[in-house]
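Please read the structure below before turning to the comments.
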Amino acid sequence: MYNILFICYGNICRSPMAEMIFKDLIYKNNKRYKFSCASRATSIEELGNDIYPQAKNKLIENGIKVERHCAAQIKKDDYENYDYIIVMEERNIRDVLKIIGDDYDNKIHLLLEFTKNTKDIDDPWYTGDFDVAYQEIYEGCIGLYNYLLSKEVNNEV
């Protein structure tokens with residue numbers, strides 16, 4: 001089983017969107033036994049808060065089930081508990097490393113590394129563009145899902 005942790009700055013927009021999209025993907029493809037995922041923040045600013053209303057609405061608008069959410073910060077031991085730590089932007093990598101220390105197992109990746117469009121996913125809390133954020137996160141989740149399935153097929157697990 002792959003344990004995946006999605007990370008963004010506040011854990012109220014991008015990372016919970018990625019978590020819900022990825023869960024929807026694995027449930028619809030009957031792969032719950034192969035994957036588990038969660039999401040966290042690098043900051044403490046939004047701890048305890050639910051998904052930002054516009055992010056939640058964008059998920060619902062796209063037919064994604066929204067589960068109860070409570071923003072939480074990544075902890076040092078999360079590095080040992082997850083196989084992949086998937087961040088939304090370069091800044092998140094620096095912030096995660098401040099918390100966990102070294103990425104000695106090469107677990108930290110940008111979500112869009114798994115697509116043809118490797119770049120940061122801009123924070124829609126600041127840009128207001130939840131459509132673009134959703135599309136990029138969805139594309140990244142599909143790419144990550146396919147990458148992990150191909151690793152399994154190629155016996156790289």
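Chain labels A, B, ... are given in the sequence in which chains occur in the structure tokens; within each chain residues are numbered consecutively from 1, and ligands are likewise numbered from 1 in the order shown.
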DSSP on the backbone: what in chain A comes out strand (DSSP E or B), as a VMD selection string? chain A and resid 2 to 8 35 to 41 73 84 to 87 108 to 110
Keeping N, CA, C and O atoms, export the residues of the selection given above as a compact mmCIF listing (two decimals), in the first residue's frame.
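What follows is the written file again.txt:
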```txt
# COMPACT_ATOMS: atom_id res chain seq x y z
N TYR A 2 0.48 2.21 -0.81
CA TYR A 2 1.17 3.50 -0.84
C TYR A 2 0.46 4.47 0.10
O TYR A 2 -0.76 4.65 0.00
N ASN A 3 1.21 5.08 0.99
CA ASN A 3 0.69 6.12 1.88
C ASN A 3 1.18 7.46 1.37
O ASN A 3 2.39 7.70 1.30
N ILE A 4 0.24 8.33 1.02
CA ILE A 4 0.56 9.60 0.38
C ILE A 4 0.08 10.74 1.26
O ILE A 4 -1.05 10.73 1.76
N LEU A 5 0.95 11.74 1.42
CA LEU A 5 0.61 12.93 2.19
C LEU A 5 0.71 14.15 1.28
O LEU A 5 1.78 14.43 0.73
N PHE A 6 -0.40 14.85 1.10
CA PHE A 6 -0.44 16.07 0.30
C PHE A 6 -0.21 17.28 1.21
O PHE A 6 -0.79 17.35 2.29
N ILE A 7 0.62 18.20 0.74
CA ILE A 7 1.03 19.35 1.56
C ILE A 7 0.82 20.66 0.81
O ILE A 7 1.17 20.78 -0.36
N CYS A 8 0.28 21.65 1.52
CA CYS A 8 0.28 23.03 1.05
C CYS A 8 0.53 23.93 2.25
O CYS A 8 0.81 23.45 3.34
N PHE A 35 -3.95 2.29 -1.84
CA PHE A 35 -3.56 3.66 -1.52
C PHE A 35 -4.26 4.17 -0.26
O PHE A 35 -5.41 3.82 -0.01
N SER A 36 -3.57 5.00 0.48
CA SER A 36 -4.20 5.82 1.51
C SER A 36 -3.59 7.20 1.39
O SER A 36 -2.45 7.36 0.93
N CYS A 37 -4.35 8.20 1.77
CA CYS A 37 -3.80 9.56 1.69
C CYS A 37 -4.42 10.46 2.73
O CYS A 37 -5.49 10.18 3.27
N ALA A 38 -3.70 11.53 3.00
CA ALA A 38 -4.12 12.56 3.94
C ALA A 38 -3.50 13.87 3.47
O ALA A 38 -2.79 13.90 2.47
N SER A 39 -3.76 14.93 4.20
CA SER A 39 -3.17 16.23 3.84
C SER A 39 -2.78 16.99 5.10
O SER A 39 -3.36 16.78 6.16
N ARG A 40 -1.80 17.87 4.94
CA ARG A 40 -1.29 18.68 6.05
C ARG A 40 -0.84 20.04 5.53
O ARG A 40 -0.68 20.25 4.33
N ALA A 41 -0.56 20.92 6.47
CA ALA A 41 -0.04 22.26 6.20
C ALA A 41 1.42 22.34 6.61
O ALA A 41 1.90 21.53 7.41
N GLN A 73 -0.94 20.50 10.82
CA GLN A 73 0.42 20.74 10.35
C GLN A 73 1.20 19.43 10.26
O GLN A 73 1.01 18.53 11.09
N TYR A 84 5.13 8.91 0.09
CA TYR A 84 5.26 10.08 -0.78
C TYR A 84 4.71 11.29 -0.05
O TYR A 84 3.62 11.24 0.51
N ILE A 85 5.49 12.37 -0.08
CA ILE A 85 5.04 13.65 0.46
C ILE A 85 4.96 14.58 -0.75
O ILE A 85 5.97 14.96 -1.33
N ILE A 86 3.73 14.89 -1.12
CA ILE A 86 3.46 15.59 -2.37
C ILE A 86 3.08 17.04 -2.06
O ILE A 86 2.07 17.30 -1.40
N VAL A 87 3.90 17.96 -2.54
CA VAL A 87 3.70 19.38 -2.24
C VAL A 87 3.17 20.11 -3.46
O VAL A 87 3.30 19.66 -4.59
N ILE A 108 9.84 13.58 -1.15
CA ILE A 108 9.17 14.86 -1.39
C ILE A 108 9.18 15.19 -2.88
O ILE A 108 10.24 15.19 -3.51
N HIS A 109 7.98 15.46 -3.41
CA HIS A 109 7.83 15.76 -4.84
C HIS A 109 6.76 16.84 -5.03
O HIS A 109 5.78 16.87 -4.29
N LEU A 110 6.95 17.65 -6.07
CA LEU A 110 5.88 18.55 -6.51
C LEU A 110 4.79 17.71 -7.16
O LEU A 110 5.09 16.78 -7.91
```
Using only C-alpha atoms, which of the listed residues (A:Asp129, A:Asp120, A:Asp24, A:Asp105) sits closest to Ile60 (chain A)?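 Selected residue with least distance to Ile60 (chain A): A:Asp24.
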Which distance in Å separates CA of Asn30 (chain A) and CA of Asn81 (chain A), to one decimal? 23.0 Å
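Take the candidates A:Tyr79, A:Phe22, A:Tyr138, A:Tyr145 and check each one against Val66 (chain A) using only C-alpha atoms; the shortest distance goes to A:Phe22.
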